[in-house]
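entry_31.txt, holding compact mmCIF, C-alpha atoms:
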```txt
# COMPACT_ATOMS: atom_id res chain seq x y z
CA MET A 1183 164.22 -22.61 169.38
CA ARG A 1184 167.22 -20.36 169.93
CA ARG A 1185 165.21 -17.38 168.73
CA LEU A 1186 162.51 -18.17 171.28
CA LEU A 1187 165.07 -18.50 174.06
CA VAL A 1188 166.58 -15.15 173.16
CA ALA A 1189 163.12 -13.63 173.14
CA ALA A 1190 162.35 -15.12 176.54
CA LEU A 1191 165.58 -13.74 177.99
CA LEU A 1192 164.82 -10.32 176.62
CA MET A 1193 161.30 -10.38 178.05
CA LEU A 1194 162.76 -10.91 181.48
CA SER A 1195 165.45 -8.28 181.22
CA ALA A 1196 163.94 -5.63 178.98
CA LEU A 1197 163.68 -3.01 181.68
CA PRO A 1198 166.09 -2.21 184.47
CA ALA A 1199 164.96 -2.63 188.02
CA ALA A 1200 164.87 1.13 188.48
CA ALA A 1201 161.93 1.31 186.08
CA GLN A 1202 160.00 -1.20 188.15
CA GLN A 1203 159.52 0.81 191.32
CA ALA A 1204 155.97 0.82 192.62
CA GLY A 1205 153.72 3.84 192.50
CA THR A 1206 152.66 5.66 195.61
CA GLY A 1207 149.48 6.49 197.48
CA LEU A 1208 145.81 6.10 196.76
CA THR A 1209 143.69 8.62 194.88
CA ARG A 1210 140.43 9.58 196.57
CA LEU A 1211 137.54 9.53 194.11
CA ASP A 1212 135.53 12.51 195.29
CA ASP A 1213 132.39 11.58 193.39
CA ALA A 1214 132.53 8.00 194.80
CA PRO A 1215 130.58 6.38 191.94
CA PRO A 1216 128.81 3.07 192.55
CA ALA A 1217 131.05 0.08 191.89
CA PRO A 1218 129.69 -1.98 188.98
CA ASP A 1219 128.52 -5.35 190.25
CA PHE A 1220 129.93 -8.57 188.81
CA SER A 1221 129.58 -12.30 189.10
CA LEU A 1222 132.77 -14.14 188.15
CA LEU A 1223 134.16 -17.63 188.62
CA ASP A 1224 137.63 -18.43 189.88
CA MET A 1225 139.70 -21.31 188.54
CA ASP A 1226 138.05 -23.70 191.01
CA GLY A 1227 134.55 -22.75 189.94
CA ALA A 1228 133.71 -20.64 193.00
CA VAL A 1229 131.46 -17.66 192.28
CA TYR A 1230 132.38 -14.14 193.41
CA ARG A 1231 129.73 -11.41 193.38
CA LEU A 1232 130.70 -7.95 194.51
CA SER A 1233 127.20 -7.36 195.87
CA ASP A 1234 127.68 -10.27 198.29
CA TYR A 1235 130.20 -8.12 200.14
CA ARG A 1236 127.94 -5.12 200.77
CA GLY A 1237 128.72 -3.84 204.25
CA ARG A 1238 132.40 -4.70 203.96
CA VAL A 1239 135.42 -2.92 202.51
CA VAL A 1240 136.60 -4.61 199.29
CA ILE A 1241 139.91 -4.17 197.49
CA VAL A 1242 139.40 -4.98 193.81
CA ASN A 1243 142.57 -5.43 191.75
CA PHE A 1244 142.61 -5.93 187.95
CA TRP A 1245 145.67 -7.82 186.72
CA ALA A 1246 147.14 -10.28 184.20
CA THR A 1247 149.98 -12.78 184.45
CA TRP A 1248 152.00 -11.21 181.61
CA CYS A 1249 151.89 -7.74 183.23
CA PRO A 1250 155.22 -7.07 185.04
CA PRO A 1251 153.94 -4.53 187.59
CA CYS A 1252 150.96 -6.83 188.32
CA ARG A 1253 153.39 -9.61 189.20
CA GLU A 1254 155.52 -7.19 191.16
CA GLU A 1255 152.72 -6.19 193.53
CA MET A 1256 151.34 -9.68 194.15
CA PRO A 1257 153.62 -10.48 197.12
CA SER A 1258 152.73 -7.24 198.90
CA MET A 1259 149.04 -7.85 198.18
CA GLN A 1260 149.38 -11.25 199.81
CA ARG A 1261 151.08 -9.71 202.84
CA ALA A 1262 148.31 -7.11 203.08
CA TRP A 1263 145.68 -9.84 202.77
CA GLU A 1264 147.29 -11.75 205.65
CA GLN A 1265 146.72 -8.67 207.80
CA LEU A 1266 143.31 -7.64 206.52
CA GLN A 1267 141.29 -10.80 206.16
CA ALA A 1268 140.90 -11.23 209.92
CA GLU A 1269 139.56 -7.67 210.04
CA GLY A 1270 136.75 -8.48 207.62
CA ILE A 1271 138.26 -6.67 204.65
CA VAL A 1272 137.93 -8.47 201.31
CA MET A 1273 140.52 -8.65 198.54
CA LEU A 1274 139.68 -9.83 195.01
CA GLY A 1275 142.25 -10.05 192.22
CA ILE A 1276 140.31 -10.06 188.95
CA ASN A 1277 142.36 -11.62 186.17
CA VAL A 1278 141.76 -10.02 182.79
CA GLY A 1279 141.39 -12.28 179.78
CA GLU A 1280 143.25 -15.44 180.78
CA ASP A 1281 142.25 -19.03 181.51
CA GLU A 1282 142.42 -21.43 184.44
CA ASP A 1283 145.63 -23.13 183.34
CA THR A 1284 147.49 -19.86 182.96
CA ILE A 1285 146.42 -18.63 186.38
CA PHE A 1286 147.15 -22.00 187.98
CA GLN A 1287 150.70 -21.94 186.63
CA PHE A 1288 151.11 -18.36 187.77
CA THR A 1289 150.12 -19.17 191.34
CA ALA A 1290 152.89 -21.75 191.53
CA ASP A 1291 155.38 -18.89 191.23
CA TYR A 1292 153.30 -16.27 193.02
CA PRO A 1293 151.36 -18.10 195.75
CA VAL A 1294 148.44 -16.01 196.97
CA ASP A 1295 145.50 -16.96 199.17
CA PHE A 1296 143.03 -14.26 198.19
CA PRO A 1297 140.46 -15.07 195.47
CA LEU A 1298 141.37 -14.62 191.80
CA PRO A 1299 138.10 -14.39 189.83
CA MET A 1300 138.46 -14.61 186.06
CA ASP A 1301 137.11 -12.00 183.64
CA ARG A 1302 137.71 -14.13 180.56
CA ASP A 1303 136.21 -11.77 177.98
CA SER A 1304 137.17 -8.59 179.90
CA ALA A 1305 133.53 -7.52 179.89
CA VAL A 1306 133.55 -6.70 183.61
CA THR A 1307 136.85 -4.87 183.31
CA GLY A 1308 135.27 -2.77 180.57
CA LEU A 1309 132.49 -1.66 182.95
CA TRP A 1310 134.96 -0.41 185.52
CA PRO A 1311 137.09 2.73 184.97
CA VAL A 1312 140.14 0.64 184.07
CA ARG A 1313 142.42 1.75 181.25
CA GLY A 1314 145.63 -0.09 182.07
CA LEU A 1315 146.84 -2.92 184.27
CA PRO A 1316 147.21 -3.12 187.14
CA THR A 1317 144.49 -0.84 188.43
CA THR A 1318 143.08 -1.27 191.92
CA PHE A 1319 140.02 0.17 193.61
CA VAL A 1320 138.88 0.27 197.19
CA VAL A 1321 135.12 -0.15 197.55
CA ASP A 1322 133.50 1.12 200.73
CA PRO A 1323 130.80 -0.77 202.69
CA ALA A 1324 128.10 1.11 200.76
CA GLY A 1325 129.45 -0.25 197.45
CA ARG A 1326 131.06 2.96 196.24
CA LEU A 1327 134.45 3.39 194.58
CA VAL A 1328 136.38 5.45 197.09
CA TYR A 1329 140.04 5.00 196.20
CA GLN A 1330 141.94 4.18 193.01
CA ALA A 1331 145.55 3.27 192.28
CA ILE A 1332 146.94 3.04 188.74
CA GLY A 1333 150.11 0.96 188.64
CA SER A 1334 151.50 -1.31 191.33
CA ARG A 1335 151.72 -0.39 195.00
CA GLU A 1336 153.38 -1.75 198.11
CA TRP A 1337 150.08 -2.88 199.52
CA ASP A 1338 151.39 -3.68 202.98
CA ASP A 1339 152.54 -0.10 203.47
CA PRO A 1340 150.98 0.83 206.85
CA ALA A 1341 149.97 4.29 205.64
CA LEU A 1342 148.10 2.76 202.73
CA LEU A 1343 146.42 0.12 204.87
CA ASP A 1344 145.31 2.79 207.34
CA LEU A 1345 143.34 4.46 204.55
CA VAL A 1346 141.64 1.16 203.76
CA ARG A 1347 140.88 0.34 207.40
CA ALA A 1348 139.42 3.79 207.98
CA LEU A 1349 136.58 2.95 205.60
CA ARG A 1350 135.17 0.25 207.87
CA MET B 15 179.10 -5.73 191.59
CA ARG B 16 176.95 -4.97 194.64
CA ILE B 17 174.83 -7.76 195.96
CA GLY B 18 171.18 -7.18 195.12
CA VAL B 19 171.84 -5.13 191.99
CA LYS B 20 170.74 -6.91 188.85
CA PRO B 21 173.46 -7.11 186.16
CA VAL B 22 171.21 -5.44 183.64
CA GLN B 23 170.92 -2.43 185.90
CA ALA B 24 174.59 -2.24 186.77
CA LEU B 25 175.69 -2.37 183.15
CA LEU B 26 173.29 0.27 181.91
CA CYS B 27 175.11 3.03 180.07
CA ALA B 28 173.24 6.31 179.96
CA ILE B 29 173.96 9.53 178.10
CA PRO B 30 172.04 12.56 179.34
CA LEU B 31 170.91 15.02 176.67
CA LEU B 32 169.22 18.37 177.02
CA LEU B 33 166.05 19.30 175.20
CA GLY B 34 165.18 22.88 174.27
CA ASN B 35 163.57 23.28 177.66
CA SER B 36 166.38 23.44 180.20
CA ALA B 37 164.28 21.64 182.81
CA ALA B 38 163.87 18.61 180.58
CA THR B 39 166.28 15.79 180.00
CA VAL B 40 166.38 12.81 177.71
CA GLU B 41 168.57 9.98 178.87
CA ARG B 42 169.62 7.48 176.25
CA GLY B 43 170.75 4.08 177.40
CA VAL B 44 172.08 0.85 175.98
CA ASP B 45 171.59 -2.29 177.99
CA ALA B 46 174.99 -3.96 178.02
CA GLU B 47 173.44 -7.40 178.48
CA THR B 48 170.72 -7.35 175.83
CA GLY B 49 171.86 -4.51 173.58
CA LEU B 50 168.39 -2.98 173.77
CA ARG B 51 168.32 0.80 173.60
CA SER B 52 166.17 3.06 175.74
CA TRP B 53 165.07 6.68 175.86
CA GLU B 54 163.83 8.34 179.02
CA TRP B 55 162.26 11.78 178.90
CA ARG B 56 161.93 13.47 182.25
CA GLU B 57 160.48 16.90 182.97
CA ALA B 58 158.65 18.42 185.93
CA GLY B 59 158.10 15.01 187.48
CA VAL B 60 156.76 13.41 184.29
CA VAL B 61 158.74 10.38 183.15
CA LEU B 62 158.28 8.55 179.86
CA ARG B 63 160.60 5.63 179.26
CA LEU B 64 160.75 3.77 175.95
CA VAL B 65 162.71 0.53 175.71
CA GLN B 66 163.19 -1.28 172.41
CA ARG B 67 161.53 -4.65 171.93
CA LEU B 68 163.06 -6.89 169.31
CA PRO B 69 160.53 -8.07 166.72
CA ASP B 70 161.32 -11.67 167.74
CA GLN B 71 160.49 -10.80 171.33
CA THR B 72 157.14 -9.27 170.41
CA ARG B 73 156.35 -12.02 167.91
CA ALA B 74 156.87 -14.72 170.55
CA PHE B 75 154.75 -12.86 173.09
CA PHE B 76 151.74 -12.62 170.80
CA GLN B 77 152.09 -16.07 169.26
CA ALA B 78 151.90 -17.42 172.81
CA ARG B 79 148.61 -15.55 173.27
CA GLY B 80 146.84 -16.97 170.27
CA PHE B 81 147.73 -14.77 167.32
CA SER B 82 148.43 -16.47 164.00
CA ASP B 83 152.02 -16.27 162.78
CA ALA B 84 151.04 -13.69 160.17
CA ALA B 85 149.18 -11.54 162.69
CA ALA B 86 152.03 -11.76 165.22
CA ASP B 87 154.41 -10.70 162.44
CA ARG B 88 152.31 -7.62 161.74
CA ILE B 89 152.51 -6.53 165.37
CA ALA B 90 156.20 -7.43 165.70
CA ASP B 91 157.12 -5.35 162.66
CA ALA B 92 155.26 -2.24 163.85
CA CYS B 93 158.17 -0.78 165.85
CA ILE B 94 157.04 -1.81 169.31
CA PHE B 95 158.56 -0.36 172.47
CA GLN B 96 158.01 -1.28 176.07
CA THR B 97 156.79 1.89 177.70
CA VAL B 98 156.70 3.12 181.27
CA PHE B 99 154.83 6.36 181.87
CA ARG B 100 154.96 7.75 185.42
CA ASN B 101 153.58 10.76 187.21
CA GLU B 102 156.10 11.67 189.88
CA SER B 103 154.83 15.25 190.04
CA GLU B 104 152.33 16.72 192.48
CA ARG B 105 149.80 17.49 189.73
CA PRO B 106 147.40 15.35 187.68
CA LEU B 107 148.82 14.23 184.35
CA SER B 108 146.74 13.35 181.33
CA TYR B 109 147.45 12.45 177.72
CA SER B 110 145.91 11.07 174.58
CA LEU B 111 148.15 9.09 172.25
CA ASP B 112 145.95 10.33 169.39
CA ASP B 113 147.61 13.73 169.91
CA TRP B 114 151.13 12.36 169.60
CA ARG B 115 153.00 12.35 166.30
CA VAL B 116 155.69 10.13 164.84
CA LEU B 117 158.01 12.29 162.73
CA HIS B 118 159.73 10.20 160.09
CA GLY B 119 160.87 10.90 156.53
CA GLY B 120 159.11 14.25 156.43
CA GLU B 121 155.79 12.68 157.43
CA ARG B 122 153.76 13.16 160.62
CA GLY B 123 152.34 9.76 161.46
CA THR B 124 150.33 8.53 164.42
CA LEU B 125 150.86 5.76 166.92
CA VAL B 126 149.18 2.40 166.40
CA THR B 127 146.77 2.46 169.30
CA ARG B 128 144.40 -0.17 170.70
CA GLU B 129 141.60 1.20 168.58
CA ARG B 130 143.66 1.08 165.39
CA TRP B 131 144.66 -2.52 166.05
CA ASP B 132 141.06 -3.50 166.83
CA ALA B 133 140.00 -2.14 163.46
CA ALA B 134 142.86 -3.80 161.60
CA TRP B 135 142.16 -7.50 162.12
CA GLN B 136 140.61 -9.61 159.41
CA GLU B 137 138.21 -12.39 160.32
CA GLY B 138 140.04 -15.45 161.65
CA GLU B 139 143.30 -13.60 162.06
CA ALA B 140 143.06 -13.17 165.81
CA SER B 141 140.86 -14.85 168.40
CA GLN B 142 138.93 -12.86 170.97
CA ALA B 143 141.38 -13.96 173.67
CA ALA B 144 144.31 -12.81 171.55
CA ARG B 145 142.72 -9.43 170.91
CA ILE B 146 142.05 -8.99 174.63
CA ALA B 147 145.71 -9.73 175.37
CA LEU B 148 146.84 -7.19 172.79
CA ARG B 149 144.41 -4.54 173.97
CA TRP B 150 145.47 -4.74 177.60
CA SER B 151 149.19 -5.11 176.89
CA LEU B 152 149.28 -1.80 175.00
CA LEU B 153 149.76 1.53 176.72
CA PRO B 154 146.28 3.01 177.24
CA THR B 155 145.32 5.38 174.45
CA ARG B 156 144.07 7.92 176.96
CA GLN B 157 144.94 8.08 180.62
CA ARG B 158 144.82 10.38 183.60
CA PHE B 159 147.46 9.79 186.24
CA GLU B 160 147.13 11.24 189.68
CA PRO B 161 150.41 11.84 191.54
CA GLY B 162 152.09 8.50 192.17
CA ASP B 163 150.32 6.66 189.34
CA TYR B 164 151.97 4.97 186.38
CA ASN B 165 151.36 2.45 183.60
CA TRP B 166 153.44 -0.03 181.72
CA GLY B 167 152.47 -1.03 178.23
CA MET B 168 153.70 -1.58 174.73
CA SER B 169 153.50 1.27 172.27
CA GLY B 170 153.59 0.88 168.50
CA PHE B 171 154.96 3.52 166.16
CA GLY B 172 154.05 1.85 162.86
CA LEU B 173 157.48 2.02 161.25
CA PRO B 174 159.68 -0.73 159.77
CA PRO B 175 162.35 -2.32 162.00
CA GLY B 176 165.49 -0.19 162.25
CA SER B 177 163.71 3.09 161.46
CA VAL B 178 164.79 6.26 163.27
CA PHE B 179 162.13 8.80 164.20
CA ASP B 180 161.35 11.77 166.41
CA LEU B 181 158.41 11.57 168.80
CA GLU B 182 156.26 14.64 169.38
CA LEU B 183 154.46 14.04 172.64
CA VAL B 184 151.68 16.06 174.17
CA VAL B 185 150.65 15.95 177.81
CA ARG B 186 148.66 18.10 180.19
CA LEU B 187 150.21 18.50 183.62
CA GLY B 188 147.81 20.30 185.92
CA ASP B 189 146.81 23.36 183.89
CA GLU B 190 149.96 23.27 181.79
CA HIS B 191 149.83 22.02 178.21
CA MET B 192 153.21 20.58 177.19
CA THR B 193 154.36 19.64 173.68
CA ARG B 194 157.86 18.19 173.48
CA THR B 195 159.91 16.38 170.88
CA VAL B 196 162.23 13.50 171.69
CA GLY B 197 164.60 12.98 168.79
CA GLY B 198 166.52 10.08 167.34
CA ILE B 199 164.46 7.17 168.66
CA GLU B 200 165.39 3.92 166.94
CA CYS B 201 163.04 1.02 166.24
CA ALA B 202 164.79 -2.25 167.07
CA PRO B 203 166.26 -4.02 164.03
CA ASP B 204 164.74 -7.32 162.91
CA ARG B 205 167.51 -9.62 164.07
CA GLU B 206 168.57 -11.37 167.24
CA GLY B 207 171.54 -9.25 168.21
CA ILE B 208 171.91 -5.52 168.07
```

Written as structure tokens, that's how I'd like the structure from this file.
Amino acid sequence: MRRLLVAALLMLSALPAAAQQAGTGLTRLDDAPPAPDFSLLDMDGAVYRLSDYRGRVVIVNFWATWCPPCREEMPSMQRAWEQLQAEGIVMLGINVGEDEDTIFQFTADYPVDFPLPMDRDSAVTGLWPVRGLPTTFVVDPAGRLVYQAIGSREWDDPALLDLVRALR
Amino acid sequence: MRIGVKPVQALLCAIPLLLGNSAATVERGVDAETGLRSWEWREAGVVLRLVQRLPDQTRAFFQARGFSDAAADRIADACIFQTVFRNESERPLSYSLDDWRVLHGGERGTLVTRERWDAAWQEGEASQAARIALRWSLLPTRQRFEPGDYNWGMSGFGLPPGSVFDLELVVRLGDEHMTRTVGGIECAPDREGI
């Protein structure tokens, strides 16, 4: 048991805070490839299909509970969502490879209101140009991948949100 | 201690070293709280930070994600580091871990990448969920970072606990091809304290 406790402590403190700073900006994808469609369930059984949101701007975030920068950006994603949802912009946080119980426990510590569809076998994640977590895309109303961010961001940064809003 | 500064950060002891290239630095650190050692290479806005993970730490992580004890041991004993790779430059940065070399005992080894782990498992040794967790928790084998991008991930160097090695890393920054060697990196020993 002591070994596990030591391991848990080290997991929490393995990197200094300075290494945890968020990345910056969004990268414009000049070729704007079509966003691969998906149909995924969240932990309550609700279905989320990307194609249902055609005509709207969609922020699609790929994450996992064990991923430190994913956890780090969740509060700012929630703050951004609180601003954007009334403007018709959609935010989906696709969990990669975990189950309902894990996500449920996570949301007790990181309460978010935006949907968290589950990609249990990571098959959807494999269809998107995702190589590491977190990676986030902004999909325009025509269903094209327009922006990408690798690593966490401060999603309620006004400059960043202006880029998203400009796609409407 | 200032309010808002985590103890682990305040107690960090760093020793700057110079590489052959005068613009590059390697900062070695020892976390006063955990004893974990770190190496941070920084050049032209490219930052690679390696932080030791104790085998116990890695073993517990993967046991909790469905690996058998034996399989978790194999990962834990593969010299795993927590890695942060950042592009703070104004140019695109790309790399392939297949190009990197682990210099140890006169040999030039390779990193244990996602693909090598995928090929290593025997039937029944690791569930699909466990393999997914491993795949996504490792530093991507190939990546292209635009300015401002970064990844976290574990990286495995395939050496026994306590080994000391040099890392030859290769990156492309804009049109510039960079090969650099970071020396004296130490795999964490297989015990609780350091």

Interatomic distance between CA of Phe1288 (chain A) and CA of Ala1246 (chain A)?
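Spanning CA of Phe1288 (chain A) to CA of Ala1246 (chain A) is a straight-line distance of 9.7 Å.
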
Can you tell me, as a VMD selection string, what residues are no more than 10 Å from Gly1207 (chain A) when counting all atoms listed in the file, ignoring any on the same chain fewer than 5 positions away?
(chain A and resid 1329 to 1332 1335 to 1337 1339 1341 to 1342 1345) or (chain B and resid 160 to 163)

Rounded to one decimal in Å, what is the spacing between CA of Met1300 (chain A) and CA of Trp1245 (chain A)?
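Straight-line distance from CA of Met1300 (chain A) to CA of Trp1245 (chain A) works out to 9.9 Å.
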
Can you pull out every residue within 12 Å of Leu107 (chain B), counting all atoms listed in the file, but drop anything in the same chain fewer than 5 positions away, and send it as a PyMOL selection string?
chain B and resi 58-62+99-102+156-164+184-192

Can you list every residue of chain B that has an atom at most 8 Å from chain A, with its nearest atom pair and the distance in Å to one decimal, using only C-alpha atoms, ordered by chain then number, as a tab-separated table?
```
residue	atom	partner	partner_atom	distance
B:Lys20	CA	A:Ala1199	CA	7.2
B:Val22	CA	A:Pro1198	CA	6.1
B:Gln23	CA	A:Pro1198	CA	5.0
B:Thr48	CA	A:Leu1192	CA	6.7
B:Leu50	CA	A:Ala1196	CA	7.3
B:Val65	CA	A:Leu1197	CA	7.0
B:Gln66	CA	A:Ala1196	CA	7.9
B:Arg67	CA	A:Ala1196	CA	7.5
B:Leu68	CA	A:Ala1189	CA	7.8
B:Asp70	CA	A:Ala1189	CA	6.0
B:Gln71	CA	A:Ala1189	CA	4.3
B:Thr72	CA	A:Ala1189	CA	7.9
B:Ala74	CA	A:Leu1186	CA	6.7
B:Gln96	CA	A:Ala1196	CA	7.9
B:Val98	CA	A:Ala1201	CA	7.3
B:Gln142	CA	A:Asp1303	CA	7.6
B:Ala143	CA	A:Gly1279	CA	6.3
B:Ile146	CA	A:Gly1279	CA	6.1
B:Ala147	CA	A:Gly1279	CA	6.7
B:Trp150	CA	A:Gly1314	CA	6.5
B:Ser151	CA	A:Cys1249	CA	7.4
B:Leu153	CA	A:Gly1314	CA	7.0
B:Pro154	CA	A:Arg1313	CA	5.7
B:Arg156	CA	A:Arg1313	CA	7.7
B:Gln157	CA	A:Arg1313	CA	6.8
B:Phe159	CA	A:Ile1332	CA	7.2
B:Glu160	CA	A:Thr1209	CA	6.8
B:Pro161	CA	A:Thr1206	CA	7.7
B:Gly162	CA	A:Thr1206	CA	4.5
B:Asp163	CA	A:Ile1332	CA	5.0
B:Tyr164	CA	A:Gly1333	CA	5.0
B:Asn165	CA	A:Gly1333	CA	5.4
B:Trp166	CA	A:Pro1251	CA	7.4
B:Gly167	CA	A:Gly1314	CA	7.9
B:Glu206	CA	A:Arg1185	CA	7.0
```

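Straight-line separation from CA of Asp1322 (chain A) to CA of Arg149 (chain B): 29.4 Å.
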
Residue neighbourhood Ala90 (chain B), 12 Å, only C-alpha atoms, exclusion window fewer than 4 positions, as a ChimeraX atom specification:
/A:1189 /B:66-77,81,83-86,94-95,148,168-175,201-205

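Contact shell of Arg1238 (chain A) at 7 Å (all atoms listed in the file; same-chain neighbours under 4 positions omitted): Gly1270, Ile1271, Asp1322, Pro1323 and Arg1350 of chain A.
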
So, with all atoms listed in the file as the atoms that count, which of B:Thr97, B:Ser141, B:Thr127, B:Ser82 lies closest to Trp53 (chain B)?
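Closest residue, counting all atoms listed in the file: B:Thr97.
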
Which polymer residues have any atom within 8 Å of an atom of Val178 (chain B), counting all atoms listed in the file, with same-chain residues fewer than 3 positions away left out, as a list in words?
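The contact residues come out as His118, Gly198, Ile199, Glu200 and Cys201 of chain B.
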
Quick one: write out the picked residues with C-alpha atoms as a short mmCIF file (atom, residue, chain, number, x, y, z; two decimals), in the coordinates of the input?
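Below is the file that was written, out39.cif:
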```cif
data_model
loop_
_atom_site.label_atom_id
_atom_site.label_comp_id
_atom_site.auth_asym_id
_atom_site.auth_seq_id
_atom_site.Cartn_x
_atom_site.Cartn_y
_atom_site.Cartn_z
CA HIS B 118 159.73 10.20 160.09
CA GLY B 198 166.52 10.08 167.34
CA ILE B 199 164.46 7.17 168.66
CA GLU B 200 165.39 3.92 166.94
CA CYS B 201 163.04 1.02 166.24
#
```

Padding of 6 Å on every side, edges along x, y and z, all listed atoms of region 100-112 of chain B included: what centre and edge lengths in Å, to one decimal, does that box have, as AutoDock Vina command-line options?
```
--center_x 151.0 --center_y 12.6 --center_z 180.9 --size_x 22.2 --size_y 21.7 --size_z 35.1
```
